[in-house]
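Chemist: Contents of work-v3.txt (compact mmCIF, C-alpha atoms and all ligand atoms):
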```txt
# COMPACT_ATOMS: atom_id res chain seq x y z
CA MET A 490 -71.48 226.26 61.87
CA LYS A 491 -75.18 226.96 62.38
CA THR A 492 -76.16 228.05 65.89
CA PHE A 493 -79.77 227.61 67.02
CA TYR A 494 -80.97 230.03 69.68
CA SER A 495 -84.25 231.25 71.16
CA PRO A 496 -84.51 234.35 73.39
CA THR A 497 -87.34 232.61 75.28
CA HIS A 498 -84.68 231.40 77.76
CA LEU A 499 -84.72 234.95 79.19
CA GLU A 500 -88.07 234.13 80.81
CA HIS A 501 -86.34 231.57 83.04
CA ALA A 502 -84.32 233.57 85.55
CA PRO A 503 -84.71 232.39 89.15
CA PRO A 504 -82.70 234.86 91.25
CA GLU A 505 -81.54 232.31 93.84
CA GLU A 506 -81.03 228.62 94.53
CA PHE A 507 -80.90 226.74 97.83
CA GLU A 508 -77.53 225.05 98.45
CA GLY A 509 -75.01 224.69 101.24
CA GLY A 510 -77.72 225.37 103.82
CA ARG A 511 -78.78 228.73 102.45
CA MET A 512 -80.16 230.69 99.52
CA ASN A 513 -77.38 231.73 97.15
CA PRO A 514 -77.45 233.91 94.04
CA ALA A 515 -78.29 231.69 91.05
CA VAL A 516 -75.37 230.76 88.78
CA GLU A 517 -77.46 229.32 85.91
CA VAL A 518 -78.46 232.75 84.62
CA PRO A 519 -79.53 234.27 81.26
CA ALA A 520 -76.22 236.15 80.98
CA ARG A 521 -74.54 232.79 80.27
CA ALA A 522 -76.30 232.29 76.96
CA LEU A 523 -76.31 236.01 76.10
CA GLY A 524 -72.51 236.13 76.46
CA VAL A 525 -72.00 233.05 74.28
CA LEU A 526 -74.41 234.42 71.66
CA ALA A 527 -72.45 237.68 71.48
CA GLU A 528 -69.18 235.74 71.06
CA VAL A 529 -70.68 233.50 68.33
CA GLU A 530 -71.59 236.70 66.46
CA ARG A 531 -68.30 238.49 67.20
CA ARG A 532 -66.19 235.59 65.88
CA ARG A 533 -68.54 234.98 62.95
CA LEU A 534 -69.02 231.31 63.71
CA GLY A 535 -71.95 231.16 61.29
CA PRO A 536 -75.67 232.00 61.10
CA VAL A 537 -77.78 232.20 64.26
CA LEU A 538 -81.20 230.68 63.59
CA PRO A 539 -84.44 230.48 65.58
CA PRO A 540 -85.65 226.98 66.49
CA ALA A 541 -88.70 225.39 64.84
CA GLU A 542 -91.64 224.05 66.87
CA PHE A 543 -91.63 220.26 67.18
CA GLY A 544 -94.71 219.93 69.41
CA ALA A 545 -95.19 217.63 72.40
CA GLU A 546 -94.40 214.30 70.75
CA PRO A 547 -90.55 214.30 70.77
CA ILE A 548 -90.63 215.24 74.48
CA ALA A 549 -93.18 212.53 75.26
CA ARG A 550 -90.85 209.97 73.62
CA VAL A 551 -88.30 210.62 76.40
CA HIS A 552 -90.15 212.02 79.40
CA ASP A 553 -92.82 210.63 81.70
CA ALA A 554 -96.26 212.20 81.15
CA GLY A 555 -96.58 212.94 84.87
CA LEU A 556 -93.36 214.99 84.92
CA VAL A 557 -94.30 216.90 81.76
CA GLY A 558 -97.81 217.58 83.08
CA PHE A 559 -96.45 218.81 86.40
CA LEU A 560 -93.74 221.06 84.91
CA SER A 561 -96.27 222.67 82.57
CA GLN A 562 -98.52 223.64 85.52
CA ALA A 563 -96.03 223.93 88.38
CA SER A 564 -95.63 227.69 88.53
CA GLU A 565 -99.38 228.30 88.31
CA LEU A 566 -100.15 225.74 91.05
CA TRP A 567 -97.40 227.20 93.25
CA ARG A 568 -98.70 230.75 92.89
CA LYS A 569 -102.26 229.59 93.57
CA ARG A 570 -101.06 228.12 96.83
CA TYR A 571 -98.54 230.74 97.95
CA GLY A 572 -99.73 233.87 96.16
CA GLU A 573 -98.83 235.80 93.03
CA ASP A 574 -95.71 237.24 94.70
CA ALA A 575 -94.51 233.86 95.94
CA PRO A 576 -90.80 233.11 95.63
CA PRO A 577 -89.74 230.46 93.07
CA ALA A 578 -91.07 226.94 93.65
CA ILE A 579 -88.59 224.72 95.53
CA PRO A 580 -89.54 221.40 97.19
CA SER A 581 -89.46 220.85 100.93
CA ALA A 582 -90.00 217.07 101.15
CA TRP A 583 -89.18 214.06 98.97
CA PRO A 584 -90.35 210.42 98.88
CA ALA A 585 -87.00 209.09 100.18
CA ARG A 586 -86.59 205.47 101.31
CA GLY A 587 -89.54 204.22 103.34
CA LEU A 588 -91.95 206.81 101.93
CA ARG A 589 -94.35 206.46 99.03
CA SER A 590 -93.75 208.00 95.63
CA ARG A 591 -96.89 209.96 94.67
CA PRO A 592 -97.25 211.44 91.19
CA ASP A 593 -100.60 213.03 92.12
CA GLY A 594 -101.60 215.30 94.96
CA ASP A 595 -101.06 218.95 95.81
CA VAL A 596 -98.20 221.06 94.49
CA GLU A 597 -95.89 220.25 97.45
CA THR A 598 -96.44 216.51 96.89
CA ARG A 599 -95.84 216.72 93.18
CA ILE A 600 -92.79 218.98 93.30
CA GLY A 601 -91.17 216.69 95.88
CA ASN A 602 -92.10 213.65 93.82
CA TYR A 603 -90.50 214.95 90.63
CA ALA A 604 -87.50 216.97 91.90
CA PHE A 605 -84.23 215.58 93.23
CA ASP A 606 -82.62 218.74 94.62
CA THR A 607 -83.26 222.28 95.86
CA ALA A 608 -81.06 223.99 93.25
CA THR A 609 -83.63 223.90 90.45
CA PRO A 610 -86.35 226.48 91.19
CA ILE A 611 -89.42 226.89 88.99
CA VAL A 612 -90.60 230.37 88.00
CA LYS A 613 -93.37 231.60 85.73
CA GLY A 614 -91.29 231.36 82.54
CA THR A 615 -89.50 228.08 83.33
CA TRP A 616 -91.76 225.81 81.30
CA ARG A 617 -91.73 228.02 78.20
CA ALA A 618 -87.94 228.27 78.39
CA ALA A 619 -87.55 224.51 78.86
CA LEU A 620 -89.76 223.88 75.80
CA ALA A 621 -87.74 226.37 73.75
CA ALA A 622 -84.50 224.67 74.83
CA ALA A 623 -85.82 221.27 73.70
CA ASN A 624 -86.91 222.78 70.36
CA THR A 625 -83.47 224.37 70.00
CA ALA A 626 -81.76 220.98 70.41
CA LEU A 627 -84.26 219.35 68.02
CA SER A 628 -83.72 222.04 65.39
CA ALA A 629 -79.96 221.58 65.57
CA ALA A 630 -80.46 217.80 65.33
CA GLU A 631 -82.66 218.26 62.27
CA ALA A 632 -80.01 220.39 60.57
CA LEU A 633 -77.49 217.65 61.29
CA ALA A 634 -79.81 215.00 59.85
CA ASN A 635 -80.09 217.22 56.76
CA GLY A 636 -76.35 217.08 56.16
CA GLU A 637 -74.57 219.69 58.30
CA ARG A 638 -71.19 218.56 59.66
CA GLY A 639 -71.62 220.39 62.97
CA THR A 640 -74.43 222.33 64.66
CA PHE A 641 -74.71 224.15 67.97
CA ALA A 642 -77.83 224.27 70.15
CA LEU A 643 -77.31 227.31 72.40
CA ALA A 644 -80.02 226.06 74.74
CA ARG A 645 -80.91 227.12 78.27
CA PRO A 646 -81.97 225.84 80.77
CA PRO A 647 -79.56 222.91 80.41
CA GLY A 648 -80.79 219.31 80.31
CA HIS A 649 -78.36 216.51 81.14
CA HIS A 650 -79.36 216.07 84.81
CA ALA A 651 -83.06 215.56 83.97
CA SER A 652 -84.12 211.92 83.68
CA SER A 653 -87.36 210.58 82.26
CA ASP A 654 -89.35 211.42 85.39
CA VAL A 655 -87.11 213.53 87.66
CA PHE A 656 -85.81 217.09 87.24
CA GLY A 657 -82.85 218.72 89.03
CA GLY A 658 -79.37 220.16 88.58
CA TYR A 659 -80.76 223.31 86.86
CA CYS A 660 -82.34 220.92 84.28
CA TYR A 661 -86.05 220.34 83.55
CA LEU A 662 -86.21 218.57 80.17
CA ASN A 663 -83.25 216.58 78.84
CA ASN A 664 -82.51 218.46 75.62
CA ILE A 665 -79.77 216.14 74.35
CA ALA A 666 -81.73 212.96 75.10
CA ILE A 667 -84.77 214.36 73.27
CA ALA A 668 -82.54 215.13 70.26
CA ALA A 669 -80.88 211.68 70.43
CA GLN A 670 -84.24 209.90 70.52
CA TRP A 671 -85.47 211.98 67.58
CA LEU A 672 -82.37 210.97 65.59
CA VAL A 673 -82.83 207.29 66.51
CA GLU A 674 -86.35 207.46 65.10
CA ARG A 675 -84.88 208.72 61.85
CA GLY A 676 -82.73 205.61 61.59
CA LEU A 677 -79.51 207.08 63.01
CA ARG A 678 -77.20 205.60 65.62
CA PRO A 679 -76.08 208.28 68.11
CA ALA A 680 -73.24 208.32 70.58
CA ILE A 681 -73.44 210.93 73.33
CA LEU A 682 -70.26 212.41 74.81
CA ASP A 683 -70.86 214.40 78.00
CA VAL A 684 -67.96 216.73 78.81
CA ASP A 685 -69.72 218.77 81.49
CA TYR A 686 -67.88 218.78 84.85
CA HIS A 687 -70.92 217.08 86.40
CA HIS A 688 -72.03 213.57 85.50
CA GLY A 689 -74.97 213.49 83.08
CA ASN A 690 -77.08 211.32 85.35
CA GLY A 691 -80.32 212.07 83.51
CA THR A 692 -78.98 211.14 80.09
CA GLN A 693 -77.37 208.00 81.48
CA SER A 694 -80.56 206.81 83.14
CA ILE A 695 -82.70 207.48 80.03
CA PHE A 696 -80.54 205.22 77.84
CA TYR A 697 -79.17 202.84 80.49
CA ARG A 698 -81.04 199.77 79.27
CA ARG A 699 -80.66 200.47 75.56
CA ALA A 700 -78.11 199.28 73.03
CA ASP A 701 -78.97 201.84 70.33
CA VAL A 702 -77.48 204.92 72.05
CA PHE A 703 -73.96 204.95 73.52
CA PHE A 704 -73.32 207.26 76.48
CA ALA A 705 -69.85 208.33 77.62
CA SER A 706 -69.20 210.89 80.36
CA LEU A 707 -66.04 212.54 81.71
CA HIS A 708 -66.74 214.27 85.01
CA GLY A 709 -65.72 215.05 88.55
CA ASP A 710 -65.82 211.86 90.61
CA PRO A 711 -69.23 211.70 92.35
CA SER A 712 -67.40 210.80 95.57
CA PHE A 713 -66.84 214.58 95.85
CA ALA A 714 -68.88 216.11 93.02
CA TYR A 715 -72.57 216.69 92.33
CA PRO A 716 -74.80 214.75 91.53
CA HIS A 717 -73.25 212.49 94.24
CA PHE A 718 -75.48 209.46 93.63
CA LEU A 719 -74.64 208.40 90.05
CA GLY A 720 -71.65 208.56 87.70
CA PHE A 721 -69.35 205.86 89.13
CA ALA A 722 -67.06 203.77 86.94
CA ASP A 723 -68.93 200.52 87.60
CA GLU A 724 -72.12 201.79 85.89
CA CYS A 725 -71.82 200.09 82.49
CA GLY A 726 -75.46 199.76 81.38
CA GLU A 727 -77.99 197.00 82.03
CA GLY A 728 -79.83 194.41 79.98
CA ASP A 729 -79.67 195.32 76.28
CA GLY A 730 -77.66 198.39 77.30
CA ASP A 731 -74.89 196.42 79.00
CA GLY A 732 -71.62 197.86 77.68
CA ALA A 733 -73.23 200.96 76.13
CA ASN A 734 -72.49 203.23 79.12
CA LEU A 735 -69.03 204.53 80.01
CA ASN A 736 -68.27 206.68 83.06
CA LEU A 737 -64.82 208.19 83.49
CA PRO A 738 -64.87 209.89 86.91
CA LEU A 739 -61.81 212.11 87.32
CA ALA A 740 -59.89 213.51 90.27
CA MET A 741 -60.15 217.00 91.70
CA TYR A 742 -57.98 219.53 89.80
CA THR A 743 -57.79 217.31 86.69
CA ASP A 744 -55.65 219.17 84.13
CA TRP A 745 -55.52 218.87 80.35
CA ARG A 746 -53.04 215.97 80.37
CA ALA A 747 -55.22 213.69 82.46
CA TYR A 748 -58.36 214.98 80.75
CA ALA A 749 -56.99 214.28 77.26
CA SER A 750 -56.05 210.73 78.14
CA ALA A 751 -59.60 210.07 79.44
CA LEU A 752 -60.96 211.63 76.25
CA THR A 753 -58.82 209.27 74.14
CA LEU A 754 -60.29 206.33 76.04
CA ALA A 755 -63.84 207.67 75.56
CA PHE A 756 -63.28 207.98 71.80
CA SER A 757 -61.85 204.47 71.52
CA ARG A 758 -65.14 203.18 72.98
CA ILE A 759 -67.27 205.57 70.91
CA ASN A 760 -65.49 204.46 67.72
CA ALA A 761 -65.99 200.80 68.65
CA PHE A 762 -69.74 201.51 68.92
CA ALA A 763 -69.60 202.81 65.31
CA PRO A 764 -72.11 205.66 65.65
CA ASP A 765 -73.19 207.72 62.68
CA VAL A 766 -73.80 210.89 64.69
CA LEU A 767 -72.08 212.34 67.75
CA LEU A 768 -73.99 214.43 70.30
CA VAL A 769 -71.89 216.43 72.76
CA SER A 770 -73.25 217.65 76.08
CA LEU A 771 -71.10 220.77 76.04
CA GLY A 772 -70.56 221.84 79.63
CA LEU A 773 -67.80 224.39 80.17
CA ASP A 774 -67.62 224.10 83.95
CA THR A 775 -64.37 222.12 83.64
CA PHE A 776 -62.69 225.55 83.40
CA GLU A 777 -60.02 226.27 86.04
CA ALA A 778 -61.87 229.33 87.38
CA ASP A 779 -65.40 227.95 87.31
CA PRO A 780 -67.13 229.10 90.52
CA ILE A 781 -68.83 225.77 91.35
CA SER A 782 -66.40 223.14 89.98
CA LYS A 783 -62.89 221.82 90.61
CA PHE A 784 -61.10 220.97 87.37
CA SER A 785 -58.11 222.82 85.91
CA LEU A 786 -58.63 223.22 82.16
CA GLY A 787 -57.32 226.47 80.65
CA THR A 788 -58.73 228.66 77.90
CA LYS A 789 -56.61 227.12 75.11
CA ASP A 790 -57.47 223.57 76.17
CA TYR A 791 -60.98 224.12 74.79
CA LEU A 792 -59.55 224.56 71.29
CA ARG A 793 -57.81 221.19 71.66
CA LEU A 794 -61.02 219.64 73.01
CA GLY A 795 -62.85 220.83 69.90
CA GLU A 796 -60.05 219.55 67.63
CA ILE A 797 -60.20 216.08 69.18
CA ILE A 798 -64.00 215.99 68.83
CA GLY A 799 -63.65 217.13 65.20
CA GLY A 800 -61.00 214.46 64.63
CA ALA A 801 -63.67 211.78 65.13
CA ARG A 802 -65.03 212.79 61.69
CA LEU A 803 -68.65 212.38 62.74
CA PRO A 804 -71.58 214.74 62.13
CA THR A 805 -71.70 216.44 65.53
CA LEU A 806 -74.41 218.23 67.49
CA PHE A 807 -73.20 220.38 70.39
CA VAL A 808 -75.81 221.03 73.06
CA PHE A 809 -74.98 223.75 75.61
CA GLU A 810 -75.03 222.52 79.24
CA GLY A 811 -73.19 223.98 82.28
CA GLY A 812 -70.38 226.53 82.69
CA TYR A 813 -70.63 229.38 85.17
CA ASN A 814 -67.60 231.64 84.85
CA LEU A 815 -69.37 234.45 83.04
CA THR A 816 -66.11 236.16 82.03
CA ALA A 817 -64.52 233.14 80.36
CA LEU A 818 -67.62 231.25 79.24
CA PRO A 819 -68.15 232.97 75.86
CA GLU A 820 -64.52 232.51 74.77
CA ILE A 821 -64.08 228.90 75.90
CA THR A 822 -67.41 227.81 74.40
CA VAL A 823 -66.60 229.22 70.98
CA ASN A 824 -63.05 227.83 71.29
CA VAL A 825 -64.51 224.32 71.33
CA LEU A 826 -66.68 225.04 68.28
CA GLU A 827 -63.83 226.66 66.33
CA GLY A 828 -61.48 223.85 67.35
CA PHE A 829 -64.05 221.40 65.97
CA GLU A 830 -64.29 223.23 62.67
CA GLY A 831 -60.51 223.27 62.31
CA GLY A 832 -60.06 219.73 63.64
ZN ZN B 1 -72.15 220.99 85.15
```
Written as structure tokens, how would this file's structure read?
Ligand SMILES: [Zn+2]

Modeler:
Amino acid sequence: MKTFYSPTHLEHAPPEEFEGGRMNPAVEVPARALGVLAEVERRRLGPVLPPAEFGAEPIARVHDAGLVGFLSQASELWRKRYGEDAPPAIPSAWPARGLRSRPDGDVETRIGNYAFDTATPIVKGTWRAALAAANTALSAAEALANGERGTFALARPPGHHASSDVFGGYCYLNNIAIAAQWLVERGLRPAILDVDYHHGNGTQSIFYRRADVFFASLHGDPSFAYPHFLGFADECGEGDGDGANLNLPLAMYTDWRAYASALTLAFSRINAFAPDVLLVSLGLDTFEADPISKFSLGTKDYLRLGEIIGGARLPTLFVFEGGYNLTALPEITVNVLEGFEGG
């Protein structure tokens, strides 16, 4: 399997995030991708290739121009306001109910307008890393369109929480949505399967009113899990997209048995949609010892997950998302990919 990877992600390394009422050490760190890269090489999964440049257009097909414009300037505007040594940019106020959404204005206005949490800081290298992550997903999508059976976009920062015009959840640009849209424009019919512990709210909202991309997500029930405000079972799509969205919120401490039965249900709906490509938001934070999540999948379960995905017999693009246990992350990630190849 070809892996696409750019070291530009190293430029995005906020040291901390604000959560639980205080600054905490960041968990979405460069060591995540570095560890997986080393394991891909150690287990000889296949060639590791640099991404190509796809330019601004594929991003503009998914994301609002105001968000893209802001993200590209955010760090510079922040440092102009708070000084060259300023800490990472994090919003302090949002246009919640009763307030006015304002895409223009000073950096505090714009960051509040486009962010939905305090866990997604912007540093000097964030924009370059986000662009490289989108190009990594696009390159892996292109290889798939050219006939590969499976490809892996080892992209960071992750993407599935970013919607068309809002960033958050460690995500700035929605890598998998950008790849899916690019494939649609090449005449393909994608289904997206999101196996990250957290609901892929950004991906869902981007395709929610569309019939040409199916979205299925297995995740911690938002009644107790981030992102709290989307990902419930009654969200089925709207308008043309009615029936093309499937949420399977799962209980705390979900183990492989319960997970596998939800996965079977997801694939019955994916198969009914009759896609010709499968895109997997590959989050590994379902692991039993993940520091920020509460599922109970074990190391070997990731081989079975890959086998089941491979059993769908669809050209498959894996896009790296969450997963924060730095010790286990390399092994469980490559377990999925090897399971797929053997499945
Ligand atoms: Zn996650």

Chemist: I'd like the neighbourhood of Glu546 (chain A) as number ranges by chain, where a residue qualifies if any of its atoms comes within 12 Å (using only C-alpha atoms), though same-chain residues fewer than 6 positions away should be ignored.

Modeler: A: 552-554, 557, 620, 623-624, 627, 667-668, 670-671, 674

Chemist: Name each residue within 7 Å of ligand ZN 1 (chain B), counting only C-alpha atoms and all ligand atoms, as a PyMOL selection string.

Modeler: chain A and resi 685-687+772+774+810-812

Chemist: Enumerate, as a list in words, the protein, DNA and RNA residues whose atoms approach (-81.0, 211.6, 77.2) to within 9 Å, taking into account all atoms listed in the file and the coordinate frame of the file.

Modeler: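 Checking each residue against the 9 Å limit leaves Val551, Gly648, His649, His650, Ala651, Ser652, Ser653, Asn663, Asn664, Ile665, Ala666, Ile667, Ala668, Ala669, Gln670, Ile681, Gly689, Gly691, Thr692, Gln693, Ser694, Ile695, Phe696 and Phe704 of chain A.
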
Chemist: CA of Tyr659 (chain A) to CA of Phe809 (chain A): how many Å, to one decimal?

Modeler: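 A separation of 12.7 Å between them.
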
Chemist: Provide the CA of Ala644 (chain A) to CA of Pro819 (chain A) distance in Å, to one decimal place.

Modeler: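 Computed distance, CA of Ala644 (chain A) to CA of Pro819 (chain A), equals 13.8 Å.
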
Chemist: I need the residue nearest Lys613 (chain A) from this list: A:Gly544, A:Gly558, A:Pro577, A:Gly594. Use only C-alpha atoms for the distance.

Modeler: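 Closest to Lys613 (chain A), using only C-alpha atoms: A:Pro577.
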
Chemist: Compare A:Pro804, A:Pro647, A:Gly831, A:Gly799 by their minimum atom-to-atom distance to Pro679 (chain A), counting all atoms listed in the file, and give me the closest one.

Modeler: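 Closest to Pro679 (chain A) of all the choices is A:Pro804.
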